[in-house]
Each structure stands twice: as structure tokens, then as C-alpha cells.
>>> print(open('data.cif').read())   # mmCIF, C-alpha atoms
data_upload
#
loop_
_atom_site.label_atom_id
_atom_site.label_comp_id
_atom_site.auth_asym_id
_atom_site.auth_seq_id
_atom_site.Cartn_x
_atom_site.Cartn_y
_atom_site.Cartn_z
CA MET A 405 26.60 -9.60 11.21
CA THR A 406 23.92 -8.01 13.36
CA GLN A 407 20.69 -9.55 14.60
CA PHE A 408 18.50 -8.32 11.75
CA ASP A 409 20.88 -8.31 8.75
CA ASP A 410 18.77 -10.90 6.93
CA ILE A 411 15.64 -8.72 6.80
CA ARG A 412 16.63 -5.09 7.40
CA PRO A 413 16.89 -2.31 4.79
CA TYR A 414 20.33 -1.46 3.42
CA HIS A 415 22.61 0.87 5.40
CA ASP A 416 24.28 3.92 3.88
CA ALA A 417 27.57 2.05 3.31
CA GLU A 418 25.76 -0.53 1.17
CA VAL A 419 23.99 1.96 -1.10
CA ARG A 420 26.65 2.71 -3.72
CA PRO A 421 27.72 -0.92 -4.33
CA THR A 422 24.07 -1.94 -4.62
CA ILE A 423 23.30 0.85 -7.11
CA ASP A 424 26.29 -0.16 -9.24
CA ARG A 425 25.06 -3.76 -9.19
CA ILE A 426 21.50 -3.01 -10.27
CA LEU A 427 22.61 -0.59 -13.00
CA ALA A 428 24.51 -3.52 -14.52
CA ASP A 429 21.36 -5.66 -14.51
CA PRO A 430 19.70 -5.59 -17.97
CA GLU A 431 16.38 -6.67 -16.43
CA LEU A 432 16.12 -3.39 -14.51
CA VAL A 433 16.77 -1.31 -17.62
CA ASP A 434 14.24 -3.36 -19.57
CA ALA A 435 11.61 -2.97 -16.82
CA VAL A 436 12.05 0.82 -16.60
CA ALA A 437 11.98 1.16 -20.39
CA ARG A 438 8.74 -0.81 -20.63
CA LEU A 439 7.19 1.19 -17.79
CA LYS A 440 8.08 4.60 -19.24
CA PHE A 441 7.81 3.82 -22.97
CA PRO A 442 5.65 0.68 -23.36
CA LYS A 443 4.90 1.08 -27.08
CA LEU A 444 8.27 2.43 -28.18
CA THR A 445 10.19 -0.27 -26.29
CA GLN A 446 8.24 -3.00 -28.07
CA TRP A 447 9.58 -1.88 -31.46
CA LEU A 448 12.65 0.21 -30.68
CA GLY A 449 14.04 -1.45 -27.55
CA TRP A 450 17.53 -1.54 -29.05
CA LEU A 451 17.47 2.27 -29.13
CA ILE A 452 15.43 3.05 -26.00
CA LYS A 453 17.22 0.79 -23.50
CA PRO A 454 20.72 2.34 -23.79
CA LEU A 455 19.15 5.79 -23.36
CA VAL A 456 17.24 4.61 -20.28
CA LYS A 457 20.42 3.14 -18.78
CA LYS A 458 22.29 6.40 -19.40
CA LYS A 459 19.48 8.39 -17.77
CA LEU A 460 19.38 6.10 -14.72
CA SER A 461 23.17 6.22 -14.37
CA ASP A 462 23.13 10.03 -14.51
CA GLN A 463 20.31 10.30 -11.95
CA LEU A 464 22.05 7.94 -9.52
CA ALA A 465 25.60 9.16 -10.12
CA GLY A 466 25.95 11.14 -6.89
CA VAL A 467 23.88 8.88 -4.66
CA ASN A 468 25.88 7.42 -1.79
CA ASN A 469 23.33 7.06 1.02
CA VAL A 470 19.72 6.13 1.67
CA ARG A 471 18.56 9.74 1.88
CA GLY A 472 20.05 10.48 -1.53
CA PHE A 473 18.36 7.44 -3.04
CA GLN A 474 15.01 8.44 -1.56
CA GLU A 475 15.35 11.93 -3.01
CA VAL A 476 15.64 10.31 -6.45
CA VAL A 477 12.60 8.12 -5.69
CA GLU A 478 10.70 11.25 -4.60
CA ARG A 479 11.34 12.89 -7.98
CA TYR A 480 9.93 9.80 -9.72
CA MET A 481 7.00 9.84 -7.30
CA THR A 482 6.29 13.49 -8.02
CA GLY A 483 6.34 12.77 -11.76
CA MET A 484 4.00 9.82 -11.30
CA ILE A 485 1.60 11.94 -9.24
CA ALA A 486 1.54 14.60 -11.97
CA GLU A 487 0.80 12.01 -14.67
CA ALA A 488 -1.41 9.44 -12.90
CA THR A 489 -3.42 11.37 -10.29
CA THR A 490 -5.75 14.37 -10.34
CA ALA A 491 -5.10 15.19 -6.67
CA VAL A 492 -3.39 13.81 -3.58
CA THR A 493 -4.88 15.00 -0.29
CA ILE A 494 -3.85 14.23 3.28
CA SER A 495 -5.61 14.48 6.63
CA GLY A 496 -4.68 13.83 10.26
CA LEU A 497 -0.91 14.37 10.09
CA ASP A 498 -1.01 17.67 11.97
CA ALA A 499 -1.68 15.73 15.19
CA PHE A 500 1.72 13.98 15.18
CA GLU A 501 5.19 14.89 16.35
CA HIS A 502 7.16 15.14 13.12
CA HIS A 503 10.27 13.30 14.23
CA GLN A 504 8.68 10.69 16.49
CA SER A 505 8.55 7.05 15.37
CA TYR A 506 5.24 5.25 14.77
CA LEU A 507 3.84 1.95 13.56
CA PHE A 508 1.57 2.86 10.64
CA ILE A 509 -0.94 0.10 9.86
CA SER A 510 -2.91 0.78 6.69
CA ASN A 511 -5.50 -0.83 4.49
CA HIS A 512 -4.04 -2.56 1.46
CA ARG A 513 -5.20 -1.84 -2.10
CA ASP A 514 -1.98 -1.50 -4.10
CA ILE A 515 1.26 -3.42 -3.62
CA ALA A 516 3.69 -0.52 -4.05
CA MET A 517 1.59 2.63 -3.99
CA ASP A 518 0.01 2.20 -0.53
CA PRO A 519 3.29 2.61 1.39
CA ALA A 520 4.59 5.02 -1.26
CA PHE A 521 1.73 7.46 -0.69
CA VAL A 522 2.10 7.19 3.10
CA ASN A 523 5.84 7.82 2.75
CA TRP A 524 5.30 10.72 0.33
CA SER A 525 2.83 12.27 2.80
CA LEU A 526 5.40 12.08 5.59
CA PHE A 527 8.26 13.34 3.40
CA HIS A 528 6.30 16.42 2.30
CA ASN A 529 5.24 17.24 5.85
CA ASP A 530 8.77 17.27 7.25
CA CYS A 531 8.37 13.91 8.96
CA ASN A 532 10.90 11.08 8.97
CA THR A 533 10.31 8.54 6.21
CA LEU A 534 9.43 5.01 7.24
CA ARG A 535 10.58 1.44 6.84
CA ILE A 536 8.24 -0.65 4.72
CA ALA A 537 7.26 -4.28 5.22
CA ILE A 538 7.37 -6.30 2.00
CA GLY A 539 6.78 -10.03 1.55
CA ASP A 540 9.61 -12.11 0.13
CA ASN A 541 7.06 -13.53 -2.34
CA LEU A 542 7.30 -10.19 -4.21
CA LEU A 543 11.08 -10.29 -4.42
CA THR A 544 11.23 -12.71 -7.34
CA LYS A 545 13.95 -10.78 -9.14
CA PRO A 546 17.28 -9.67 -7.61
CA TYR A 547 16.98 -6.07 -8.82
CA VAL A 548 13.51 -5.77 -7.26
CA SER A 549 14.88 -6.94 -3.89
CA ASP A 550 17.78 -4.47 -4.12
CA LEU A 551 15.53 -1.54 -5.08
CA MET A 552 13.14 -2.26 -2.24
CA ARG A 553 15.85 -2.54 0.41
CA LEU A 554 17.51 0.65 -0.88
CA ASN A 555 14.16 2.36 -0.31
CA LYS A 556 14.02 1.33 3.39
CA CYS A 557 12.02 -1.87 2.87
CA PHE A 558 12.46 -4.83 5.22
CA ILE A 559 11.60 -8.40 4.34
CA VAL A 560 8.67 -10.41 5.67
CA ASN A 561 9.41 -14.14 5.38
CA ARG A 562 6.34 -15.69 3.75
CA SER A 563 8.17 -18.62 2.18
CA ALA A 564 8.57 -20.55 5.45
CA LYS A 565 6.23 -23.57 5.44
CA ALA A 566 6.95 -25.65 8.53
CA PRO A 567 5.11 -24.41 11.66
CA ARG A 568 8.32 -24.09 13.67
CA GLU A 569 10.04 -22.08 10.93
CA LYS A 570 6.99 -19.81 10.51
CA LEU A 571 6.90 -19.09 14.24
CA LYS A 572 10.64 -18.39 14.31
CA ALA A 573 10.30 -15.96 11.38
CA ALA A 574 7.31 -14.23 13.00
CA LYS A 575 9.17 -13.74 16.30
CA HIS A 576 12.18 -12.36 14.43
CA LEU A 577 10.00 -9.90 12.51
CA SER A 578 8.14 -8.85 15.67
CA ALA A 579 11.43 -8.15 17.43
CA TYR A 580 12.67 -6.10 14.47
CA ILE A 581 9.53 -3.93 14.38
CA HIS A 582 9.78 -3.18 18.11
CA HIS A 583 13.55 -2.58 17.84
CA SER A 584 13.11 -0.21 14.89
CA ILE A 585 10.49 1.94 16.65
CA THR A 586 11.86 1.98 20.20
CA ASN A 587 15.64 1.65 19.71
CA GLU A 588 16.30 3.21 16.31
CA ALA A 589 13.42 5.75 16.28
CA SER A 590 12.46 4.61 12.77
CA SER A 591 8.79 4.39 11.82
CA ILE A 592 7.33 1.26 10.25
CA TRP A 593 4.60 0.72 7.65
CA ILE A 594 2.77 -2.59 7.47
CA ALA A 595 -0.49 -3.59 5.79
CA GLN A 596 -3.46 -4.65 7.92
CA ARG A 597 -3.52 -7.98 6.09
CA GLU A 598 -1.37 -10.16 3.89
CA GLY A 599 -2.40 -9.57 0.28
CA ARG A 600 -4.52 -6.77 -1.14
CA ALA A 601 -8.19 -6.31 -0.29
CA LYS A 602 -9.20 -7.09 -3.85
CA ASP A 603 -12.94 -7.08 -3.06
CA GLY A 604 -12.87 -3.60 -1.50
CA PHE A 605 -13.53 -4.76 2.08
CA ASP A 606 -10.80 -3.53 4.43
CA LYS A 607 -10.41 -5.96 7.33
CA THR A 608 -7.46 -6.43 9.63
CA ASN A 609 -6.06 -9.94 9.86
CA SER A 610 -5.68 -10.79 13.54
CA ALA A 611 -2.57 -12.81 12.62
CA VAL A 612 -0.81 -9.56 11.70
CA LEU A 613 -1.50 -8.09 15.15
CA GLY A 614 -0.57 -11.42 16.71
CA MET A 615 2.80 -11.27 14.96
CA ILE A 616 3.41 -7.65 15.96
CA THR A 617 2.84 -8.44 19.65
CA LEU A 618 4.79 -11.73 19.73
CA ASN A 619 7.79 -9.84 21.06
CA LYS A 620 5.89 -8.62 24.14
CA PRO A 621 7.51 -9.85 27.36
CA LYS A 622 5.17 -12.15 29.29
CA ALA A 623 5.18 -9.89 32.33
CA GLN A 624 4.31 -6.74 30.37
CA ASP A 625 0.72 -5.52 30.11
CA PHE A 626 -0.68 -5.84 26.57
CA SER A 627 -1.85 -2.21 26.43
CA ASP A 628 1.53 -0.94 27.65
CA TYR A 629 3.28 -2.81 24.83
CA VAL A 630 0.80 -1.40 22.29
CA LYS A 631 1.50 2.13 23.57
CA GLU A 632 5.25 1.59 23.08
CA LEU A 633 4.62 0.87 19.39
CA ARG A 634 2.55 4.06 18.87
CA ILE A 635 0.19 2.40 16.37
CA VAL A 636 -1.49 4.70 13.83
CA PRO A 637 -4.24 3.31 11.55
CA VAL A 638 -4.10 4.76 8.03
CA SER A 639 -6.85 4.77 5.37
CA ILE A 640 -5.78 5.10 1.74
CA SER A 641 -8.46 5.55 -0.92
CA TYR A 642 -8.12 5.71 -4.70
CA GLU A 643 -10.72 7.24 -6.98
CA LEU A 644 -9.63 4.73 -9.63
CA ASP A 645 -7.90 1.39 -9.17
CA PRO A 646 -5.44 0.70 -12.03
CA CYS A 647 -5.76 -3.03 -11.29
CA ASP A 648 -9.59 -3.17 -11.06
CA VAL A 649 -10.14 -5.28 -14.19
CA ALA A 650 -7.35 -7.70 -13.20
CA LYS A 651 -8.71 -8.00 -9.65
CA ALA A 652 -12.22 -8.68 -10.97
CA ARG A 653 -10.87 -11.42 -13.24
CA GLU A 654 -9.03 -13.07 -10.34
CA LEU A 655 -12.09 -12.93 -8.06
CA TYR A 656 -14.30 -14.30 -10.85
CA GLN A 657 -12.00 -17.27 -11.41
CA GLN A 658 -11.84 -17.98 -7.68
CA ARG A 659 -15.65 -18.02 -7.49
CA THR A 660 -16.29 -20.04 -10.64
CA LEU A 661 -13.26 -22.37 -10.73
CA GLY A 662 -12.49 -22.52 -7.03
CA SER A 663 -8.96 -21.19 -7.40
CA TYR A 664 -6.76 -18.75 -9.27
CA GLN A 665 -3.29 -19.55 -10.54
CA LYS A 666 -0.96 -16.56 -10.79
CA GLU A 667 1.30 -16.21 -13.79
CA GLU A 668 5.06 -16.10 -13.22
CA HIS A 669 6.10 -12.64 -11.94
CA GLU A 670 2.43 -11.54 -11.92
CA ASP A 671 2.97 -9.52 -8.75
CA VAL A 672 5.76 -7.56 -10.44
CA LYS A 673 3.39 -6.79 -13.32
CA SER A 674 0.76 -5.64 -10.81
CA ILE A 675 3.32 -3.34 -9.21
CA ALA A 676 4.08 -1.76 -12.60
CA MET A 677 0.36 -1.44 -13.41
CA GLY A 678 -0.34 0.17 -10.04
CA ILE A 679 2.47 2.70 -10.49
CA ALA A 680 1.72 3.73 -14.07
CA GLY A 681 -2.09 3.43 -14.14
CA LYS A 682 -4.51 6.32 -13.65
CA LYS A 683 -5.56 6.69 -10.02
CA GLY A 684 -7.60 9.90 -10.05
CA HIS A 685 -7.94 11.50 -6.62
CA VAL A 686 -5.97 9.78 -3.85
CA HIS A 687 -6.57 10.54 -0.17
CA VAL A 688 -4.36 9.44 2.74
CA ALA A 689 -6.06 9.71 6.15
CA PHE A 690 -4.01 9.28 9.33
CA GLY A 691 -6.07 8.27 12.36
CA PRO A 692 -5.23 9.01 16.00
CA ILE A 693 -2.65 6.95 17.88
CA LEU A 694 -4.08 3.90 19.60
CA ASP A 695 -3.57 4.63 23.29
CA GLY A 696 -6.63 3.02 24.88
CA HIS A 697 -6.86 -0.08 27.02
CA TYR A 698 -6.89 -3.32 25.03
CA GLU A 699 -7.29 -6.75 26.57
CA GLY A 700 -5.86 -8.51 23.52
CA THR A 701 -5.56 -8.62 19.74
CA ASP A 702 -9.31 -8.93 19.11
CA GLN A 703 -10.02 -5.52 20.66
CA LEU A 704 -7.05 -4.04 18.83
CA VAL A 705 -8.26 -5.45 15.49
CA ALA A 706 -11.74 -4.03 16.10
CA GLU A 707 -10.35 -0.54 16.81
CA ILE A 708 -8.08 -0.54 13.73
CA ASP A 709 -10.95 -1.73 11.51
CA HIS A 710 -13.23 0.96 12.92
CA GLN A 711 -10.72 3.75 12.29
CA ILE A 712 -9.78 2.60 8.80
CA VAL A 713 -13.40 2.38 7.66
CA MET A 714 -14.55 5.61 9.32
CA ASN A 715 -11.56 7.65 8.12
CA TYR A 716 -11.72 6.21 4.59
CA VAL A 717 -12.58 9.01 2.14
CA LEU A 718 -15.13 7.86 -0.43
CA HIS A 719 -14.95 9.10 -4.01
CA ALA A 720 -17.72 9.62 -6.54
CA THR A 721 -16.68 6.35 -8.21
CA ASN A 722 -17.56 4.46 -5.01
CA CYS A 723 -21.00 6.07 -4.99
CA PHE A 724 -21.53 5.46 -8.74
CA ALA A 725 -20.81 1.75 -8.27
CA TYR A 726 -23.10 1.48 -5.24
CA GLU A 727 -25.89 3.25 -7.14
CA ILE A 728 -25.52 0.93 -10.17
CA LEU A 729 -25.41 -2.28 -8.09
CA HIS A 730 -28.06 -1.44 -5.51
CA GLY A 731 -30.37 0.78 -7.55
CA THR A 732 -30.40 3.56 -4.98
CA VAL A 733 -28.39 6.69 -4.24
CA PRO A 734 -26.33 6.20 -1.06
CA ALA A 735 -27.12 8.76 1.63
CA ILE A 736 -23.49 9.34 2.48
CA ASN A 737 -20.80 12.00 2.32
CA TYR A 738 -17.85 11.72 -0.03
CA THR A 739 -14.57 13.48 -0.99
CA GLU A 740 -12.18 14.91 1.57
CA LYS A 741 -14.56 17.89 1.84
CA ASN A 742 -17.12 15.50 3.35
CA ILE A 743 -20.09 16.72 1.28
CA PRO A 744 -23.30 14.72 0.56
CA TYR A 745 -23.21 12.63 -2.62
CA ASP A 746 -25.44 14.08 -5.35
CA PRO A 747 -25.41 12.28 -8.74
CA GLN A 748 -27.01 15.13 -10.70
CA PRO A 749 -23.91 17.32 -11.28
CA LEU A 750 -21.77 14.23 -11.94
CA ALA A 751 -23.50 12.79 -15.02
CA ALA A 752 -20.43 13.11 -17.25
CA GLU A 753 -18.12 11.56 -14.64
CA LYS A 754 -20.59 8.70 -14.12
CA ALA A 755 -20.75 7.98 -17.87
CA GLU A 756 -16.94 7.86 -17.97
CA PHE A 757 -16.89 5.46 -15.02
CA VAL A 758 -19.55 3.20 -16.63
CA ALA A 759 -17.43 3.07 -19.80
CA ARG A 760 -14.45 2.01 -17.69
CA MET A 761 -16.47 -0.75 -16.02
CA ASN A 762 -17.66 -1.96 -19.42
CA GLU A 763 -14.06 -2.89 -20.19
CA SER A 764 -14.60 -5.91 -17.92
CA PRO A 765 -16.33 -8.93 -19.51
CA ALA A 766 -20.07 -8.89 -18.78
CA GLU A 767 -19.87 -11.84 -16.38
CA GLN A 768 -17.17 -10.06 -14.34
CA ARG A 769 -18.68 -6.56 -14.36
CA ASP A 770 -20.61 -6.78 -11.10
CA ILE A 771 -17.44 -7.97 -9.36
CA ALA A 772 -15.53 -4.96 -10.74
CA LEU A 773 -18.32 -2.64 -9.58
CA ALA A 774 -18.33 -4.24 -6.12
CA ILE A 775 -14.63 -3.41 -5.70
CA TYR A 776 -15.71 0.25 -5.73
CA ALA A 777 -19.11 -0.17 -4.01
CA ASN A 778 -18.03 -2.25 -1.01
CA PRO A 779 -16.30 0.63 0.84
CA VAL A 780 -19.69 2.41 0.80
CA LEU A 781 -21.32 -0.69 2.29
CA SER A 782 -18.64 -0.83 5.00
CA LYS A 783 -19.03 2.82 5.94
CA LEU A 784 -22.84 2.68 5.91
CA ALA A 785 -22.73 -0.36 8.22
CA LYS A 786 -20.47 1.47 10.68
CA LEU A 787 -22.59 4.64 10.57
CA ASN A 788 -25.80 2.65 11.10
CA ALA A 789 -24.24 0.77 14.01
CA GLU A 790 -23.17 4.04 15.64
CA ALA A 791 -26.64 5.54 15.12
CA ALA A 792 -28.24 2.52 16.79
CA CYS A 793 -26.10 2.85 19.92
#
>>> encode(input="data.cif", output="C-alpha cells")
Amino acid sequence: MTQFDDIRPYHDAEVRPTIDRILADPELVDAVARLKFPKLTQWLGWLIKPLVKKKLSDQLAGVNNVRGFQEVVERYMTGMIAEATTAVTISGLDAFEHHQSYLFISNHRDIAMDPAFVNWSLFHNDCNTLRIAIGDNLLTKPYVSDLMRLNKCFIVNRSAKAPREKLKAAKHLSAYIHHSITNEASSIWIAQREGRAKDGFDKTNSAVLGMITLNKPKAQDFSDYVKELRIVPVSISYELDPCDVAKARELYQQRTLGSYQKEEHEDVKSIAMGIAGKKGHVHVAFGPILDGHYEGTDQLVAEIDHQIVMNYVLHATNCFAYEILHGTVPAINYTEKNIPYDPQPLAAEKAEFVARMNESPAEQRDIALAIYANPVLSKLAKLNAEAAC
């Protein structure tokens, strides 16, 4: 046993036994079959599932280490990108040392795809892949937990309830993050907040930064500890959100009923929806390393929020939604080319987006539109604040 065995990703020696275990799990085969062949599996599952198991077994036959497993994941990722995106663009990575370790803190829109796109960006730019924070609330099935830890995920304990247990878990996690970056030279990805920003407003939860810095020795300067972690804010933007209708329904129920009760394994369904659903153009923007002077977490939160909003690449869908909700064309640049938004050449794209929004019930439609429009509001607010200074 080592200090972090309870939360760390699997080591190379654990890969083959874990793969053999999950291949024997019928739930994994069923999940992959439903993801790849949703209609066929419903009627011909008896035929499809053995073929899926054979395909998985063949693909994983020679995999005996983490790198080999991630190469298989990359092939799936490349296939998903070809089917579910129109483009994936990246900015800011050229400023980093390729084999240095960093703490990537990103906005959070999709459970699985946010870290996957960050990891894919690093992998395809000859950078070391990262270790991914994932809440134990998502690991409701054994095969899901195994798959995540094979793919360099580490576990965030969110099930602890008692204050003392929560603090103990937070200190343990903080120590692991620092150890991974400074002792093992392994980068970390963590979301800026617990849970997705379902309303489209990207805001860092100060508790996340508080946890990250819990491991700081009392005598060490706060800014010096932050510099050791090499924090990089990351902004991920999707032209289309595969879970937009589901998010709008959840937000509507919270506002009208006061609460929302998740179905059993709903997060797993959201993961599948986020992977398979159409995402359009995806942009991953890496900000500069945080190396300024920070008195405490509040200043650090403010800087991360500023970078994530300002580096966030807007898409035409964001501008369409803003225009529909607010009755005016936003005077703002969009796409990774940073060109002014002009609705005239985009009439066909706007009509397609309106049709998509109309899939939401009428009473939930403005909420669905706001998911796309709110990033425009955030960026306009930052730009106006800068102009006023």
C-alpha cells in the first residue's frame, strides 16, 4: 500500500488484470453496444452484443500498460471527433514546455468530454497526457470506475458527509495533486467547480481552490505554492451541447418545483449522451500560467474566472441565442478567427439552431437558449469592465 492507493489511477502492472475483469462484465458490453448501435441493440441485442465483446477483446488484446490503453482510447476519440464534431481547434499550447507538468483548471460543460478534449489536445501536440479528477458520485458501476482509473483518472471523494471526514478527504486530495505535479511530473485536470455549469455561466468555486491549497505548509507564501502547481486556466467551448435539452429540463424543474431529483445512473446516461451527441465546432483555449502575486484564494478565483471568460471562443450558436433572447445583435467577435458576428450570411445556420431549440417544450425554451446566450453576456460584461478602466 502507498499513500494514495485509494484514489490514484491504475499503474501499468494493474492494467491487464483490470481489462480482463471489465471484458467479463456484461454491463460494459451492453453499454458499448447501446452507445454504438442504439436502434439495432434494442431489437437485435442477442446478435450485436457478442460481436461487440469480440471487437473489444480484439482491440484490447495486446494492451498491458496505461499508454497502450490510452492509445486505444485515442482511436475511439478520433472516431468520435469525426462523427460528432465539425472541427476541433486549439489555442495557447505553443507557450508551454511539452513535457512539463501543470495543473489545468477548466470550465465544466460536459462530464467526460471536457477533460477528454484537453487530453486529446495535449496528446496530439506531443505533450504528456494528464491525470483527471472525477467524483466518486459518477462511479456508480464497477466497470465505469475501472475504465476511468485505467485512463489516468483519480477519485474525488464526494460521498463523505461528516465535516471531519470531508476535511480529511480534501487534505488527502490536495496532497495527491501537489505530489503528482511536483514529485511525479504528472499533469492534473480538474474542473473549476463541482458539477457542470448547466446555465452557461462559468464561475470558479472558491472551495475548489481552497482544497487545492490545503496542502500548503503554513510557513510557505501563498503565491510561491501557487507557482509550484503551475496552474493553467482552460476554456472549452462547444458549438452545440448534446445535453442542452436535458439541462434546460433540470433547470426548469429546479426553478418551478424547487428541486430536481436525478434518475438512477442519470450521470452515466449524460456521459453517453455527451460522447455520442453532435457537438459542432469545439475549441480548447489554454491560458497563460498563473505566476502573479496572489494574497489568497479570492484573488486566484478572480484571475481564473477572468481568463476562462476572456479566452472562451464564442460560436454562432451563442450569438443566435443572445439575439433571440435580447432582441439585438451582440457587438462581439466569435469563432477562433475572432471575427465580428454578422447574422446576415448565417440565416440557414440560424434556422437550424432555432429548430433545435424548438425541441424543448415552450416553457423551457428560454432556459435552453440562455445556456447558449449566457457566455456572450459574460464576455460582454468583462469587455465593458475593461473598457471602463
>>> closest_residue(input="data.cif", among="A:Leu644, A:Val780, A:Ile411, A:Leu655", to="A:Cys557", atoms="only C-alpha atoms")
A:Ile411
>>> resolve_selection(input="data.cif", expression="the PyMOL selection byres ((chain A and resi 616) around 10)", output="compact mmCIF listing (two decimals) with C-alpha atoms, in the frame of the given file")
# COMPACT_ATOMS: atom_id res chain seq x y z
CA LEU A 507 3.84 1.95 13.56
CA ALA A 574 7.31 -14.23 13.00
CA LYS A 575 9.17 -13.74 16.30
CA LEU A 577 10.00 -9.90 12.51
CA SER A 578 8.14 -8.85 15.67
CA ALA A 579 11.43 -8.15 17.43
CA TYR A 580 12.67 -6.10 14.47
CA ILE A 581 9.53 -3.93 14.38
CA HIS A 582 9.78 -3.18 18.11
CA ILE A 594 2.77 -2.59 7.47
CA SER A 610 -5.68 -10.79 13.54
CA ALA A 611 -2.57 -12.81 12.62
CA VAL A 612 -0.81 -9.56 11.70
CA LEU A 613 -1.50 -8.09 15.15
CA GLY A 614 -0.57 -11.42 16.71
CA MET A 615 2.80 -11.27 14.96
CA THR A 617 2.84 -8.44 19.65
CA LEU A 618 4.79 -11.73 19.73
CA ASN A 619 7.79 -9.84 21.06
CA LYS A 620 5.89 -8.62 24.14
CA VAL A 630 0.80 -1.40 22.29
CA LEU A 633 4.62 0.87 19.39
CA THR A 701 -5.56 -8.62 19.74
>>> atom_distance(input="data.cif", atom1="atom CA of A:Thr445", atom2="atom CA of A:Cys647")
22.1 Å
>>> closest_residue(input="data.cif", among="A:Pro546, A:Pro779, A:Gly496, A:Gly599", to="A:Pro692", atoms="only C-alpha atoms")
A:Gly496
>>> resolve_selection(input="data.cif", expression="the PyMOL selection byres ((chain A and resi 670-683) around 9)", output="PyMOL selection string")
chain A and resi 435+439-440+484-485+487-490+514-517+541-545+548+642-647+650+666-669+684-686
>>> write_last_selection(input="data.cif", atoms="C-alpha atoms", output="mmCIF file, in the frame of the given file")
data_model
loop_
_atom_site.group_PDB
_atom_site.id
_atom_site.type_symbol
_atom_site.label_atom_id
_atom_site.label_comp_id
_atom_site.auth_asym_id
_atom_site.auth_seq_id
_atom_site.Cartn_x
_atom_site.Cartn_y
_atom_site.Cartn_z
ATOM 1 C CA ALA A 435 11.610 -2.970 -16.820
ATOM 2 C CA LEU A 439 7.190 1.190 -17.790
ATOM 3 C CA LYS A 440 8.080 4.600 -19.240
ATOM 4 C CA MET A 484 4.000 9.820 -11.300
ATOM 5 C CA ILE A 485 1.600 11.940 -9.240
ATOM 6 C CA GLU A 487 0.800 12.010 -14.670
ATOM 7 C CA ALA A 488 -1.410 9.440 -12.900
ATOM 8 C CA THR A 489 -3.420 11.370 -10.290
ATOM 9 C CA THR A 490 -5.750 14.370 -10.340
ATOM 10 C CA ASP A 514 -1.980 -1.500 -4.100
ATOM 11 C CA ILE A 515 1.260 -3.420 -3.620
ATOM 12 C CA ALA A 516 3.690 -0.520 -4.050
ATOM 13 C CA MET A 517 1.590 2.630 -3.990
ATOM 14 C CA ASN A 541 7.060 -13.530 -2.340
ATOM 15 C CA LEU A 542 7.300 -10.190 -4.210
ATOM 16 C CA LEU A 543 11.080 -10.290 -4.420
ATOM 17 C CA THR A 544 11.230 -12.710 -7.340
ATOM 18 C CA LYS A 545 13.950 -10.780 -9.140
ATOM 19 C CA VAL A 548 13.510 -5.770 -7.260
ATOM 20 C CA TYR A 642 -8.120 5.710 -4.700
ATOM 21 C CA GLU A 643 -10.720 7.240 -6.980
ATOM 22 C CA LEU A 644 -9.630 4.730 -9.630
ATOM 23 C CA ASP A 645 -7.900 1.390 -9.170
ATOM 24 C CA PRO A 646 -5.440 0.700 -12.030
ATOM 25 C CA CYS A 647 -5.760 -3.030 -11.290
ATOM 26 C CA ALA A 650 -7.350 -7.700 -13.200
ATOM 27 C CA LYS A 666 -0.960 -16.560 -10.790
ATOM 28 C CA GLU A 667 1.300 -16.210 -13.790
ATOM 29 C CA GLU A 668 5.060 -16.100 -13.220
ATOM 30 C CA HIS A 669 6.100 -12.640 -11.940
ATOM 31 C CA GLY A 684 -7.600 9.900 -10.050
ATOM 32 C CA HIS A 685 -7.940 11.500 -6.620
ATOM 33 C CA VAL A 686 -5.970 9.780 -3.850
#
>>> decode(input="data.cif", residues="stretch 526-541 of chain A", atoms="N, CA and C atoms", output="tab-separated table (two decimals), in the first residue's frame")
chain	number	residue	atom	x	y	z
A	526	LEU	N	-3.43	17.75	-25.75
A	526	LEU	CA	-2.07	17.51	-25.29
A	526	LEU	C	-1.42	16.36	-26.06
A	527	PHE	N	-2.16	15.27	-26.22
A	527	PHE	CA	-1.66	14.07	-26.89
A	527	PHE	C	-1.21	14.38	-28.30
A	528	HIS	N	-1.99	15.19	-29.02
A	528	HIS	CA	-1.70	15.49	-30.42
A	528	HIS	C	-0.73	16.66	-30.59
A	529	ASN	N	-0.23	17.19	-29.48
A	529	ASN	CA	0.80	18.21	-29.54
A	529	ASN	C	2.05	17.76	-28.81
A	530	ASP	N	2.22	16.43	-28.73
A	530	ASP	CA	3.42	15.83	-28.16
A	530	ASP	C	3.66	16.24	-26.72
A	531	CYS	N	2.56	16.43	-25.98
A	531	CYS	CA	2.67	16.73	-24.55
A	531	CYS	C	2.26	15.49	-23.75
A	532	ASN	N	2.72	15.40	-22.52
A	532	ASN	CA	2.31	14.29	-21.66
A	532	ASN	C	0.82	14.39	-21.38
A	533	THR	N	0.13	13.25	-21.39
A	533	THR	CA	-1.28	13.26	-21.03
A	533	THR	C	-1.41	13.47	-19.53
A	534	LEU	N	-2.64	13.78	-19.09
A	534	LEU	CA	-2.83	14.21	-17.71
A	534	LEU	C	-3.65	13.23	-16.89
A	535	ARG	N	-3.65	13.46	-15.60
A	535	ARG	CA	-4.49	12.72	-14.68
A	535	ARG	C	-5.76	13.54	-14.43
A	536	ILE	N	-6.89	12.87	-14.42
A	536	ILE	CA	-8.18	13.55	-14.45
A	536	ILE	C	-8.94	13.33	-13.14
A	537	ALA	N	-9.39	14.43	-12.55
A	537	ALA	CA	-10.20	14.33	-11.33
A	537	ALA	C	-11.62	13.93	-11.68
A	538	ILE	N	-12.15	12.93	-10.98
A	538	ILE	CA	-13.53	12.50	-11.22
A	538	ILE	C	-14.19	12.17	-9.88
A	539	GLY	N	-15.39	12.70	-9.68
A	539	GLY	CA	-16.11	12.48	-8.43
A	539	GLY	C	-16.57	11.05	-8.28
A	540	ASP	N	-16.51	10.53	-7.04
A	540	ASP	CA	-16.95	9.15	-6.82
A	540	ASP	C	-18.45	8.99	-7.03
A	541	ASN	N	-19.19	10.12	-7.08
A	541	ASN	CA	-20.63	10.04	-7.37
A	541	ASN	C	-20.89	9.56	-8.79
